[in-house]
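The file protein.txt contains compact mmCIF, C-alpha atoms and all ligand atoms:
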# COMPACT_ATOMS: atom_id res chain seq x y z
CA MET J 29 -11.51 30.23 -20.51
CA THR J 30 -14.90 30.41 -18.92
CA THR J 31 -16.19 28.50 -15.93
CA THR J 32 -19.60 26.93 -16.15
CA PRO J 33 -21.41 25.96 -12.95
CA THR J 34 -22.32 22.26 -12.97
CA SER J 35 -25.78 23.11 -11.70
CA ALA J 36 -26.63 24.68 -15.09
CA PRO J 37 -28.33 22.03 -17.25
CA ILE J 38 -26.59 21.25 -20.53
CA ARG J 39 -28.96 20.47 -23.36
CA PRO J 40 -28.05 17.78 -25.92
CA GLY J 41 -26.31 19.38 -28.87
CA THR J 42 -25.01 22.32 -26.82
CA PRO J 43 -21.26 22.72 -27.24
CA LEU J 44 -19.51 21.82 -23.99
CA SER J 45 -17.39 24.50 -22.39
CA LEU J 46 -14.02 23.70 -20.92
CA PHE J 47 -14.06 23.96 -17.18
CA VAL J 48 -11.03 25.29 -15.42
CA LEU J 49 -10.08 23.66 -12.15
CA GLY J 50 -8.37 25.28 -9.24
CA GLU J 51 -8.51 28.47 -7.29
CA GLY J 52 -11.33 30.80 -8.20
CA SER J 53 -13.21 28.18 -10.17
CA ASP J 54 -16.30 26.30 -9.14
CA PRO J 55 -14.88 23.32 -7.20
CA ARG J 56 -17.69 21.09 -8.50
CA SER J 57 -16.90 21.88 -12.10
CA GLU J 58 -14.66 19.52 -14.01
CA ARG J 59 -14.16 18.97 -17.64
CA GLY J 60 -16.17 15.96 -18.66
CA VAL J 61 -18.37 15.80 -15.58
CA GLU J 62 -21.65 16.62 -17.27
CA CYS J 63 -23.31 13.84 -19.22
CA PRO J 64 -25.50 15.42 -21.87
CA GLY J 65 -27.09 12.22 -23.11
CA ASP J 66 -25.20 10.37 -25.80
CA LEU J 67 -22.03 10.59 -27.81
CA PRO J 68 -21.54 13.99 -29.43
CA PRO J 69 -23.22 14.24 -32.83
CA ALA J 70 -21.12 13.15 -35.82
CA SER J 71 -19.63 15.90 -37.96
CA ASP J 72 -20.50 16.54 -41.61
CA PRO J 73 -19.60 13.28 -43.45
CA ALA J 74 -18.55 15.35 -46.49
CA LEU J 75 -15.40 16.12 -44.53
CA VAL J 76 -14.30 12.48 -44.75
CA GLU J 77 -13.24 12.94 -48.38
CA ARG J 78 -11.28 16.09 -47.53
CA ALA J 79 -9.46 14.30 -44.71
CA ARG J 80 -8.63 11.41 -47.09
CA ARG J 81 -7.27 13.78 -49.71
CA ALA J 82 -5.13 15.75 -47.27
CA LYS J 83 -3.80 12.55 -45.72
CA ALA J 84 -2.94 11.10 -49.13
CA ALA J 85 -1.19 14.34 -50.12
CA LEU J 86 0.99 14.15 -47.00
CA GLY J 87 1.84 10.46 -47.55
CA ASN J 88 4.73 9.14 -45.44
CA ARG J 89 5.46 12.57 -44.03
CA LEU J 90 2.43 12.08 -41.80
CA PHE J 91 1.71 9.62 -39.00
CA VAL J 92 -1.62 9.78 -37.20
CA LEU J 93 -1.98 8.38 -33.68
CA GLY J 94 -5.44 7.72 -32.24
CA HIS J 95 -6.27 7.03 -28.61
CA HIS J 96 -9.03 4.48 -28.04
CA TYR J 97 -11.34 7.15 -26.62
CA GLN J 98 -11.45 9.07 -29.86
CA ARG J 99 -14.62 9.34 -31.91
CA ASP J 100 -15.19 6.84 -34.76
CA GLU J 101 -15.06 9.65 -37.31
CA VAL J 102 -11.50 10.42 -36.18
CA ILE J 103 -10.22 6.94 -35.36
CA GLN J 104 -10.80 5.84 -38.98
CA PHE J 105 -7.87 8.08 -39.96
CA ALA J 106 -5.45 6.77 -37.33
CA ASP J 107 -2.42 4.85 -38.61
CA VAL J 108 -2.22 3.25 -35.23
CA THR J 109 -4.62 3.14 -32.30
CA GLY J 110 -3.69 2.42 -28.72
CA ASP J 111 -3.67 3.29 -25.06
CA SER J 112 -1.31 5.94 -23.78
CA PHE J 113 1.58 3.47 -23.30
CA LYS J 114 1.32 2.05 -26.80
CA LEU J 115 0.96 5.47 -28.41
CA ALA J 116 4.01 6.83 -26.57
CA SER J 117 6.05 3.86 -27.83
CA GLU J 118 4.68 4.22 -31.37
CA ALA J 119 5.54 7.92 -31.47
CA ALA J 120 9.10 7.10 -30.39
CA ALA J 121 9.39 4.44 -33.11
CA ARG J 122 8.56 6.71 -36.10
CA PRO J 123 11.66 8.81 -36.79
CA GLU J 124 10.74 9.04 -40.49
CA ALA J 125 7.46 10.91 -40.00
CA GLU J 126 7.78 14.68 -40.19
CA PHE J 127 4.32 15.28 -38.71
CA ILE J 128 2.80 13.27 -35.88
CA VAL J 129 -0.86 14.22 -35.62
CA PHE J 130 -2.01 13.17 -32.18
CA CYS J 131 -5.70 12.41 -31.87
CA GLY J 132 -5.80 12.31 -28.10
CA VAL J 133 -5.28 14.89 -25.39
CA HIS J 134 -2.63 17.47 -24.59
CA PHE J 135 -0.46 15.46 -22.18
CA MET J 136 -0.20 12.65 -24.74
CA ALA J 137 0.92 15.06 -27.46
CA GLU J 138 3.50 16.52 -25.07
CA SER J 139 4.87 13.04 -24.39
CA ALA J 140 5.05 12.38 -28.13
CA ASP J 141 7.00 15.63 -28.61
CA ILE J 142 9.41 14.65 -25.85
CA LEU J 143 10.01 11.20 -27.31
CA THR J 144 10.32 12.17 -30.98
CA ALA J 145 13.30 13.69 -32.76
CA ASP J 146 13.80 17.47 -33.14
CA HIS J 147 12.84 17.48 -36.82
CA GLN J 148 9.45 15.93 -36.02
CA LYS J 149 6.45 18.11 -35.29
CA VAL J 150 3.64 16.94 -33.07
CA ILE J 151 0.22 18.41 -33.81
CA LEU J 152 -2.85 18.38 -31.55
CA PRO J 153 -5.84 19.18 -33.81
CA ASP J 154 -7.68 21.08 -31.04
CA LEU J 155 -5.68 22.77 -28.28
CA ALA J 156 -8.72 22.61 -25.99
CA ALA J 157 -8.30 18.83 -25.76
CA GLY J 158 -6.87 18.79 -22.25
CA CYS J 159 -7.43 16.41 -19.34
CA SER J 160 -9.09 17.34 -16.06
CA MET J 161 -7.02 14.74 -14.22
CA ALA J 162 -3.76 16.20 -15.52
CA ASP J 163 -4.97 19.64 -14.41
CA MET J 164 -5.30 18.35 -10.84
CA ALA J 165 -1.53 18.32 -10.30
CA ARG J 166 0.29 21.54 -11.11
CA LEU J 167 4.06 21.90 -10.81
CA ALA J 168 3.90 24.49 -8.01
CA GLN J 169 1.65 22.18 -5.99
CA VAL J 170 3.96 19.20 -6.53
CA GLU J 171 6.98 21.27 -5.50
CA ASP J 172 5.13 22.34 -2.35
CA ALA J 173 4.32 18.71 -1.62
CA TRP J 174 7.99 17.79 -2.01
CA ASP J 175 8.86 20.50 0.56
CA VAL J 176 6.28 19.03 2.92
CA LEU J 177 7.92 15.62 2.49
CA ALA J 178 11.35 17.17 3.10
CA ASP J 179 10.08 18.81 6.32
CA ALA J 180 8.88 15.38 7.44
CA ASP J 181 12.37 13.97 6.58
CA VAL J 182 10.98 11.56 4.00
CA ALA J 183 11.77 13.24 0.65
CA ASP J 184 15.13 11.44 0.48
CA VAL J 185 13.51 8.02 0.68
CA THR J 186 10.57 8.82 -1.62
CA VAL J 187 10.42 8.11 -5.35
CA PRO J 188 7.98 10.32 -7.28
CA VAL J 189 5.86 8.42 -9.80
CA THR J 190 3.58 10.28 -12.15
CA TYR J 191 0.84 8.74 -14.23
CA MET J 192 1.22 9.44 -17.93
CA ASN J 193 -1.86 11.66 -17.55
CA SER J 194 0.12 14.64 -16.28
CA SER J 195 1.77 17.68 -17.81
CA ALA J 196 5.33 17.62 -19.14
CA ASP J 197 6.66 19.76 -16.27
CA ILE J 198 5.39 17.20 -13.75
CA LYS J 199 7.14 14.44 -15.69
CA ALA J 200 10.27 16.58 -15.66
CA PHE J 201 9.96 16.94 -11.88
CA CYS J 202 9.98 13.14 -11.64
CA GLY J 203 12.95 12.90 -13.98
CA LYS J 204 14.92 15.35 -11.85
CA HIS J 205 14.09 13.57 -8.60
CA GLY J 206 14.96 10.02 -9.68
CA GLY J 207 11.34 9.23 -10.48
CA VAL J 208 9.45 7.75 -13.36
CA VAL J 209 6.24 7.81 -15.41
CA CYS J 210 3.70 4.99 -15.44
CA THR J 211 0.59 4.17 -17.43
CA SER J 212 -2.38 2.03 -16.56
CA SER J 213 -0.65 -0.81 -18.45
CA ASN J 214 2.48 -0.92 -16.35
CA ALA J 215 1.73 0.70 -12.98
CA LYS J 216 2.63 -2.44 -11.00
CA THR J 217 5.95 -2.90 -12.78
CA VAL J 218 6.76 0.77 -12.30
CA LEU J 219 5.88 0.73 -8.59
CA GLU J 220 8.08 -2.35 -8.10
CA TRP J 221 10.90 -0.45 -9.83
CA ALA J 222 10.29 2.52 -7.52
CA PHE J 223 10.29 0.39 -4.36
CA GLU J 224 13.65 -1.06 -5.35
CA ARG J 225 14.96 2.52 -5.17
CA GLY J 226 13.13 4.03 -2.23
CA GLU J 227 11.02 3.26 0.79
CA LYS J 228 8.01 5.30 -0.31
CA VAL J 229 6.28 6.46 -3.44
CA LEU J 230 4.60 9.80 -4.07
CA PHE J 231 2.03 8.89 -6.71
CA PHE J 232 0.17 11.50 -8.76
CA PRO J 233 -2.25 12.68 -10.08
CA ASP J 234 -4.64 9.68 -9.99
CA GLN J 235 -5.31 8.42 -6.48
CA HIS J 236 -7.41 5.52 -7.81
CA LEU J 237 -4.78 4.02 -10.10
CA GLY J 238 -2.22 4.38 -7.28
CA ARG J 239 -4.45 2.81 -4.64
CA ASN J 240 -5.73 0.02 -6.89
CA THR J 241 -2.22 -0.91 -7.93
CA ALA J 242 -0.71 -0.76 -4.42
CA VAL J 243 -3.50 -2.69 -2.74
CA LEU J 244 -4.80 -5.10 -5.36
CA GLN J 245 -1.63 -5.85 -7.24
CA MET J 246 1.14 -5.37 -4.73
CA GLY J 247 -0.55 -6.71 -1.63
CA MET J 248 -0.34 -3.53 0.44
CA SER J 249 -3.13 -2.53 2.78
CA LEU J 250 -5.30 0.55 2.54
CA ASP J 251 -3.54 1.76 5.69
CA ASP J 252 -0.23 1.75 3.82
CA CYS J 253 -1.68 4.54 1.63
CA VAL J 254 -2.36 8.13 2.67
CA LEU J 255 -4.13 10.79 0.64
CA TYR J 256 -2.30 14.07 0.04
CA ASP J 257 -4.72 16.92 -0.68
CA PRO J 258 -2.85 19.73 -2.48
CA ARG J 259 -5.55 22.20 -1.45
CA ARG J 260 -4.87 21.71 2.26
CA GLN J 261 -2.00 22.93 4.38
CA GLY J 262 0.67 20.21 4.46
CA GLY J 263 -1.55 18.11 2.22
CA GLY J 264 -3.85 17.61 5.21
CA LEU J 265 -1.38 15.06 6.66
CA THR J 266 0.83 15.03 9.73
CA ALA J 267 4.56 14.33 9.52
CA GLU J 268 3.87 11.09 11.38
CA GLN J 269 1.32 9.99 8.77
CA LEU J 270 3.82 10.73 6.01
CA ARG J 271 6.53 8.80 7.82
CA SER J 272 4.43 5.68 8.32
CA ALA J 273 2.89 5.62 4.81
CA LYS J 274 4.29 3.53 1.98
CA VAL J 275 2.33 5.21 -0.79
CA ILE J 276 1.43 8.89 -0.68
CA LEU J 277 -1.47 9.28 -3.10
CA TRP J 278 -2.26 12.61 -4.71
CA LYS J 279 -5.89 13.68 -4.41
CA GLY J 280 -6.76 13.63 -8.10
CA HIS J 281 -9.03 11.51 -10.26
CA CYS J 282 -10.46 11.07 -13.74
CA SER J 283 -13.73 12.91 -14.30
CA VAL J 284 -14.99 10.05 -16.45
CA HIS J 285 -13.85 6.87 -14.68
CA GLY J 286 -14.44 8.43 -11.25
CA ARG J 287 -18.16 8.49 -12.04
CA PHE J 288 -18.69 4.74 -12.10
CA THR J 289 -20.30 3.57 -8.86
CA PRO J 290 -20.38 0.28 -6.91
CA GLN J 291 -24.16 0.49 -7.22
CA ALA J 292 -23.85 0.32 -11.01
CA VAL J 293 -21.99 -2.99 -10.65
CA ASP J 294 -24.75 -4.41 -8.43
CA ASP J 295 -27.42 -3.14 -10.81
CA VAL J 296 -25.86 -4.64 -13.92
CA ARG J 297 -25.36 -8.00 -12.20
CA ALA J 298 -29.06 -8.00 -11.25
CA ARG J 299 -30.09 -6.95 -14.77
CA ILE J 300 -27.85 -9.28 -16.81
CA PRO J 301 -27.33 -12.79 -15.41
CA GLY J 302 -23.80 -14.08 -15.92
CA VAL J 303 -22.42 -10.66 -16.86
CA GLN J 304 -18.70 -10.08 -16.32
CA VAL J 305 -17.68 -6.64 -15.18
CA LEU J 306 -14.53 -5.24 -16.75
CA VAL J 307 -13.25 -1.86 -15.56
CA HIS J 308 -10.34 0.51 -15.98
CA PRO J 309 -8.05 0.99 -12.91
CA GLU J 310 -8.87 4.72 -12.87
CA CYS J 311 -12.22 3.67 -11.35
CA GLN J 312 -12.75 4.06 -7.61
CA HIS J 313 -11.38 1.27 -5.40
CA GLU J 314 -14.91 0.26 -4.31
CA VAL J 315 -15.88 -0.25 -7.97
CA VAL J 316 -12.74 -2.17 -8.83
CA LEU J 317 -13.27 -4.45 -5.81
CA LYS J 318 -16.63 -5.48 -7.22
CA ALA J 319 -15.39 -6.00 -10.79
CA ASP J 320 -14.29 -9.29 -12.33
CA LEU J 321 -11.42 -7.90 -14.38
CA ILE J 322 -9.40 -4.68 -14.30
CA GLY J 323 -7.10 -3.24 -16.92
CA SER J 324 -6.00 -0.53 -19.29
CA THR J 325 -7.85 0.17 -22.49
CA GLU J 326 -5.55 -2.22 -24.40
CA PHE J 327 -6.31 -4.93 -21.86
CA ILE J 328 -10.05 -4.28 -22.12
CA ILE J 329 -9.93 -4.60 -25.91
CA LYS J 330 -7.87 -7.81 -25.84
CA THR J 331 -10.16 -9.34 -23.22
CA ILE J 332 -13.22 -8.72 -25.37
CA GLU J 333 -11.46 -10.00 -28.49
CA LYS J 334 -10.63 -13.26 -26.73
CA ALA J 335 -14.09 -13.68 -25.14
CA PRO J 336 -16.34 -16.42 -26.56
CA ALA J 337 -19.46 -15.59 -28.56
CA GLY J 338 -22.47 -15.26 -26.29
CA SER J 339 -20.44 -13.96 -23.33
CA ARG J 340 -21.85 -10.95 -21.50
CA TRP J 341 -19.84 -7.90 -20.49
CA ALA J 342 -20.42 -4.63 -18.66
CA ILE J 343 -17.50 -2.29 -19.29
CA GLY J 344 -16.47 0.66 -17.13
CA THR J 345 -14.41 2.90 -19.35
CA GLU J 346 -14.94 5.73 -21.82
CA LEU J 347 -18.10 5.51 -23.90
CA ASN J 348 -16.61 5.80 -27.41
CA LEU J 349 -14.52 2.70 -26.77
CA VAL J 350 -17.37 0.72 -25.24
CA LYS J 351 -19.70 1.53 -28.13
CA ARG J 352 -17.02 0.61 -30.67
CA LEU J 353 -16.42 -2.72 -28.91
CA ALA J 354 -20.15 -3.45 -28.93
CA LEU J 355 -20.34 -2.72 -32.67
CA THR J 356 -17.22 -4.74 -33.52
CA HIS J 357 -18.38 -7.78 -31.53
CA PRO J 358 -22.08 -8.22 -32.35
CA HIS J 359 -22.07 -11.83 -31.09
CA LYS J 360 -21.02 -10.79 -27.60
CA GLU J 361 -23.34 -8.81 -25.33
CA ILE J 362 -21.54 -5.62 -24.35
CA VAL J 363 -23.08 -2.87 -22.25
CA PHE J 364 -21.79 0.35 -20.74
CA LEU J 365 -21.47 -0.08 -16.96
CA GLU J 366 -23.22 3.13 -15.91
CA GLN J 367 -26.72 3.96 -16.91
CA HIS J 368 -25.74 7.61 -17.03
CA VAL J 369 -24.03 8.03 -20.36
CA CYS J 370 -20.59 9.45 -19.95
CA TYR J 371 -17.87 10.22 -22.44
CA CYS J 372 -14.67 12.19 -22.09
CA ALA J 373 -15.57 15.70 -23.20
CA THR J 374 -12.00 16.74 -23.88
CA MET J 375 -11.06 13.62 -25.87
CA ASN J 376 -14.13 14.37 -27.96
CA ARG J 377 -12.87 17.85 -28.75
CA ILE J 378 -10.90 16.20 -31.54
CA ASP J 379 -13.55 15.92 -34.23
CA LEU J 380 -13.50 15.69 -37.98
CA PRO J 381 -13.56 19.47 -38.61
CA HIS J 382 -10.49 19.95 -36.41
CA LEU J 383 -8.71 16.99 -37.98
CA VAL J 384 -9.43 18.21 -41.52
CA TRP J 385 -8.33 21.73 -40.59
CA ALA J 386 -5.01 20.41 -39.22
CA LEU J 387 -4.34 18.04 -42.14
CA GLU J 388 -5.21 20.57 -44.84
CA ASN J 389 -2.98 23.17 -43.22
CA LEU J 390 -0.10 20.72 -43.04
CA ALA J 391 -0.65 19.70 -46.64
CA SER J 392 -0.47 23.32 -47.71
CA GLY J 393 2.71 23.97 -45.73
CA HIS J 394 1.28 25.63 -42.59
CA VAL J 395 2.12 23.97 -39.32
CA VAL J 396 -0.76 24.53 -36.92
CA ASN J 397 -1.25 23.63 -33.24
CA GLN J 398 2.25 22.31 -32.82
CA ILE J 399 2.94 21.09 -29.29
CA VAL J 400 6.43 22.10 -28.25
CA VAL J 401 7.91 21.25 -24.87
CA ASP J 402 10.84 23.49 -23.94
CA ARG J 403 14.31 21.88 -23.97
CA GLU J 404 14.94 21.89 -20.23
CA THR J 405 11.55 20.33 -19.43
CA GLU J 406 11.95 17.92 -22.31
CA HIS J 407 15.34 16.74 -21.08
CA HIS J 408 14.14 15.81 -17.60
CA ALA J 409 10.72 14.52 -18.70
CA ARG J 410 12.47 12.26 -21.22
CA GLU J 411 14.53 10.74 -18.40
CA ALA J 412 11.34 9.80 -16.55
CA LEU J 413 9.63 8.52 -19.70
CA GLN J 414 12.63 6.50 -20.82
CA ARG J 415 12.89 4.85 -17.42
CA MET J 416 9.32 3.72 -18.03
CA LEU J 417 9.83 2.66 -21.63
CA ALA J 418 12.77 0.50 -20.56
CA LEU J 419 10.37 -1.55 -18.41
CA PRO J 420 8.00 -4.19 -19.79
CA GLY J 421 4.46 -2.81 -20.35
CA GLU J 422 2.02 -5.41 -19.18
CA THR J 423 -1.65 -5.03 -18.64
CA THR J 424 -3.35 -5.38 -15.27
CA LYS J 425 -6.01 -7.89 -14.29
CA ASP J 426 -7.92 -9.67 -11.51
P1 LIG V 1 -4.92 4.37 -20.89
O1 LIG V 1 -4.95 4.85 -22.28
O2 LIG V 1 -3.53 4.28 -20.37
O3 LIG V 1 -5.71 3.14 -20.64
O4 LIG V 1 -5.56 5.54 -19.99
C1 LIG V 1 -6.87 5.87 -20.07
C2 LIG V 1 -7.09 7.33 -20.08
O5 LIG V 1 -7.82 7.85 -19.31
C3 LIG V 1 -6.41 8.11 -21.07
O6 LIG V 1 -6.75 9.42 -20.89
FE1 LIG V 2 -8.34 12.71 -18.67
FE2 LIG V 2 -10.13 10.91 -17.82
FE3 LIG V 2 -10.46 12.10 -20.18
FE4 LIG V 2 -8.49 10.29 -19.84
S1 LIG V 2 -10.68 9.90 -19.76
S2 LIG V 2 -8.34 12.30 -20.87
S3 LIG V 2 -7.92 10.73 -17.70
S4 LIG V 2 -10.49 13.11 -18.16
What would you get if you wrote out this structure as structure tokens?
Amino acid sequence: MTTTPTSAPIRPGTPLSLFVLGEGSDPRSERGVECPGDLPPASDPALVERARRAKAALGNRLFVLGHHYQRDEVIQFADVTGDSFKLASEAAARPEAEFIVFCGVHFMAESADILTADHQKVILPDLAAGCSMADMARLAQVEDAWDVLADADVADVTVPVTYMNSSADIKAFCGKHGGVVCTSSNAKTVLEWAFERGEKVLFFPDQHLGRNTAVLQMGMSLDDCVLYDPRRQGGGLTAEQLRSAKVILWKGHCSVHGRFTPQAVDDVRARIPGVQVLVHPECQHEVVLKADLIGSTEFIIKTIEKAPAGSRWAIGTELNLVKRLALTHPHKEIVFLEQHVCYCATMNRIDLPHLVWALENLASGHVVNQIVVDRETEHHAREALQRMLALPGETTKD
């Protein structure tokens, strides 16, 4: 993969490169950071008919899952749409489908493979659909962090909690160490579960979801949280800091939600009288503090569905979803929170050409882009996922 410096301007219509994070790469470069102007251009509409035909040919052998951040041209083919919690549950509840085509990103397809039966094949139409946040916590780094916690004598009393947006081996690490997975829908419930089992939580990779949940939903203080930086010796923390913390947050974030600013909230309130600000908990704490409502993508959708005609909303989440909500609810005023247009570049890798390519191959008997998690990883990751699925998934707010 190539690394593209963020200083290089990206012209509208230019294909976006994938940026690799980590050692040797440009530290400012992240997948999805550049905002080239608007949503990516729609693909050739002639492909719609081909996708329909291939889907019809596959019939009940196929089940298509679509995350809310997917493009319209793709979401129209989803048998079910949802946030990452709902899609993980849906994948687990479809033992009859031979092929699960996951229109989302890599970590979601891995979770679907872990939760589905051996005879089921999970397909990701474009393997380049990764997630910069998931890339921010690698297994070797997490193992190092665990050693740091052990040296500070706190590993035994710490429960590792990984956000769904992480690779399968990180989920397996949590499974092995008595930990669990959470999503933005159930982070509070999961943290409560973890605190019944330990004195501390190591939360990765999204510092914002961890901090927002601990402070705004569980009544902890900012001082109860410390930030572990995997690029610094010992995470950049002393043993004393680790011992006195309740929540050890991993220094990771979403390249899309992390871009919303407190200033954008002030600006939209000045621009649109009576506007209500609704944001995803992956946004920075300072943004969330200024918002009226906070919640996962499912929560955002339900809130808008229930809102009265004439109500005004500024939404801080991925652009495809916000635009779709605005189109579906023409009698409600819905704007994107930031003035800088921002969509998730890797979610948008799944486009109609890739979907058609995957479906036509499946229909003609060729399994392409299958996501397979090895058995050992799968076993332990499933433990962590099942601990989560056994808990109620409720959306966050206020
Ligand atoms: P949810 O789907 O859990 O709301 O998470 C948002 C996200 O960033 C998915 O990549
Ligand atoms: Fe990852 Fe953020 Fe994109 Fe979700 S929106 S896939 S967390 S980069």
**Report entry** Length of the CA of Ala196 in chain J to CA of Gln148 in chain J vector [Å]
**Finding:** 17.5 Å
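Using all atoms listed in the file for every distance, the candidate list J:Val395, J:Val129, J:Val350, J:Ala157 yields J:Ala157 as the residue closest to ligand LIG 2 (chain V).
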**Report entry** Polymer residues at most 6 Å from Ile151 in chain J, only C-alpha atoms, same-chain spacing of 3 or more positions, as an NGL selection string
**Finding:** :J and (129-130 or 397-399)
Query raised in the report: Once you count only C-alpha atoms and all ligand atoms, which residues end up within 6 Å of ligand LIG 1 (chain V), and could you hand them over as JSON, numbers by chain?
Result: {"J": [111, 112, 113, 211, 212, 324, 325]}
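With the cut-off set to 6 Å and only C-alpha atoms and all ligand atoms counted, the residues surrounding ligand LIG 2 (chain V) are J:Cys159, J:Ser160, J:Met161, J:Cys282, J:Ser283, J:Val284, J:Cys372, J:Met375.
Between CA of Ser339 in chain J and CA of Val102 in chain J there is a distance of 29.0 Å.
Every protein, DNA or RNA residue with an atom at most 6 Å from range 383-388 of chain J, where all atoms listed in the file count and chain neighbours fewer than 5 positions away do not, is listed here: Ala79, Ala82 and Pro153 of chain J.
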**Report entry** 10 Å contact set for Trp278 in chain J, only C-alpha atoms, chain neighbours under 4 positions out, as a PyMOL selection string
**Finding:** chain J and resi 164-165+170+173+190+230-236+238+254-258+263
